[in-house]
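Quick notes on the structure that follows.
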Amino acid sequence: PDTNLAPKLDYLQSRLILDDNSLRKLILGTPIVLARSIEDNMEVKLEWLQQRLQLDDAAVSKMVQKYPSILGYSINDNLEPKLEWIQQRLGLDDIAVGKVIQRLPSILGSSIPNSLEPTLDWLQHRLSLTDGGLSRLIQSMPQLVSCNVDTNLEPTLNFYIHALGDEGEALALVIRYPDMFGYSLEKRLKPRLEEAKSAGM
């Protein structure tokens, strides 16, 4: 392997269209990137990601900057099987899955049996969604798959059910506005509810 760092730094900066500050952030955040070979690893992986997800140069750059660890994953053992599973589970074509991965590249670091599958199953069953409904929900807010069911999704949903006094209304609300799952229960939702109660609402 090439032990000279200069060619690797030059390659990353050029290939990912990075200014000096962005390159510095990338390397400081994930120094293991510099242990990878340009020809055998980085170049092959970036080309594969670009073609597989149908992304332009700028989109690939943003994705790697968001989640540099992606460069350390095996195409055959991790990336391709995970993408295939996500596409099959959510009924997504290559362009649609590319958009999901662009917004949440860390999904490629999540375990299917321990994270993705149970979270998607919970969302589908608890929110009474069809396969198409689940797909639309995740495309609208991919971050939902990274939320913990026990400490985030379920307590937050239960809060809305309690606050509205109607489970059907609460389910319709979070399906229409899935970003409501992203609000902090302790720091935002509960204090707002107390304020509303104090104001007599």
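Ligands are numbered from 1 in the order shown, residues from 1 within each chain, and chains are lettered A, B, ... in the order they appear in the structure tokens.
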
Give me the region 50-146 of chain A side of the contact with region 26-41 of chain A, cut-off 7 Å, one line per residue showing its nearest atom pair and distance in Å at one decimal, counting only C-alpha atoms, sorted by chain and residue number, as a Markdown table.
```
| residue | atom | partner | partner_atom | distance |
| --- | --- | --- | --- | --- |
| A:Gln65 | CA | A:Leu26 | CA | 6.3 |
| A:Pro68 | CA | A:Thr30 | CA | 6.4 |
| A:Ser69 | CA | A:Thr30 | CA | 6.9 |
```

#### Entry: Selection near region 16-23 of chain A, 10 Å with only C-alpha atoms, sequence-local residues under 4 positions removed, as number ranges by chain
A: 9-12, 27-29, 46, 57-65

#### Entry: DSSP-assigned alpha helix (DSSP H) members of region 13-79 of chain A, reported as JSON, numbers by chain
{"A": [13, 14, 15, 20, 21, 22, 23, 24, 25, 26, 27, 28, 29, 43, 44, 45, 46, 47, 48, 49, 50, 51, 52, 57, 58, 59, 60, 61, 62, 63, 64, 65, 66]}

Residues as selected, C-alpha atoms, written as a PDB file, in the first residue's frame, can you do that?
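Writing the result to result22.pdb gives the following:
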```pdb
ATOM      1  CA  GLN A  13      -9.534  16.771  -2.232  1.00  0.00           C
ATOM      2  CA  SER A  14      -9.851  16.554  -6.009  1.00  0.00           C
ATOM      3  CA  ARG A  15     -12.315  13.614  -6.192  1.00  0.00           C
ATOM      4  CA  ASP A  20      -8.792  22.762   2.626  1.00  0.00           C
ATOM      5  CA  ASN A  21     -11.084  23.108   5.647  1.00  0.00           C
ATOM      6  CA  SER A  22     -13.468  20.369   4.479  1.00  0.00           C
ATOM      7  CA  LEU A  23     -10.541  18.043   3.780  1.00  0.00           C
ATOM      8  CA  ARG A  24      -9.165  18.708   7.252  1.00  0.00           C
ATOM      9  CA  LYS A  25     -12.551  17.916   8.860  1.00  0.00           C
ATOM     10  CA  LEU A  26     -12.841  14.694   6.890  1.00  0.00           C
ATOM     11  CA  ILE A  27      -9.370  13.470   7.886  1.00  0.00           C
ATOM     12  CA  LEU A  28      -9.636  14.530  11.531  1.00  0.00           C
ATOM     13  CA  GLY A  29     -13.056  12.898  11.817  1.00  0.00           C
ATOM     14  CA  GLU A  43     -11.415   4.930  -6.244  1.00  0.00           C
ATOM     15  CA  VAL A  44     -13.283   1.658  -6.682  1.00  0.00           C
ATOM     16  CA  LYS A  45     -15.731   2.407  -3.875  1.00  0.00           C
ATOM     17  CA  LEU A  46     -16.489   5.978  -4.918  1.00  0.00           C
ATOM     18  CA  GLU A  47     -17.085   4.926  -8.518  1.00  0.00           C
ATOM     19  CA  TRP A  48     -19.313   2.069  -7.364  1.00  0.00           C
ATOM     20  CA  LEU A  49     -21.353   4.295  -5.025  1.00  0.00           C
ATOM     21  CA  GLN A  50     -21.763   6.913  -7.732  1.00  0.00           C
ATOM     22  CA  GLN A  51     -23.017   4.436 -10.316  1.00  0.00           C
ATOM     23  CA  ARG A  52     -25.067   2.268  -7.924  1.00  0.00           C
ATOM     24  CA  ASP A  57     -19.897  14.228  -8.070  1.00  0.00           C
ATOM     25  CA  ALA A  58     -21.304  16.816  -5.659  1.00  0.00           C
ATOM     26  CA  ALA A  59     -23.817  14.337  -4.167  1.00  0.00           C
ATOM     27  CA  VAL A  60     -21.101  11.717  -3.603  1.00  0.00           C
ATOM     28  CA  SER A  61     -18.935  14.336  -1.927  1.00  0.00           C
ATOM     29  CA  LYS A  62     -21.711  15.419   0.443  1.00  0.00           C
ATOM     30  CA  MET A  63     -22.493  11.809   1.315  1.00  0.00           C
ATOM     31  CA  VAL A  64     -18.867  10.949   2.149  1.00  0.00           C
ATOM     32  CA  GLN A  65     -18.463  14.148   4.170  1.00  0.00           C
ATOM     33  CA  LYS A  66     -21.575  13.255   6.163  1.00  0.00           C
TER      34      LYS A  66
END
```

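Here the question is which of A:Phe181, A:Leu71, A:Arg136, A:Trp85 gets nearest to Thr156 (chain A) using only C-alpha atoms, and that residue is A:Phe181.
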
### Task
Provide the CA of Pro178 (chain A) to CA of Ile138 (chain A) distance in Å, to one decimal place.
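These atoms are spaced 8.8 Å apart.
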
### Nearest to Leu108 (chain A), chosen from A:Ser128, A:Gln139, A:Gln54, A:Asn78, with only C-alpha atoms counted in the distances
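Nearest candidate to Leu108 (chain A) out of A:Ser128, A:Gln139, A:Gln54, A:Asn78: A:Asn78.
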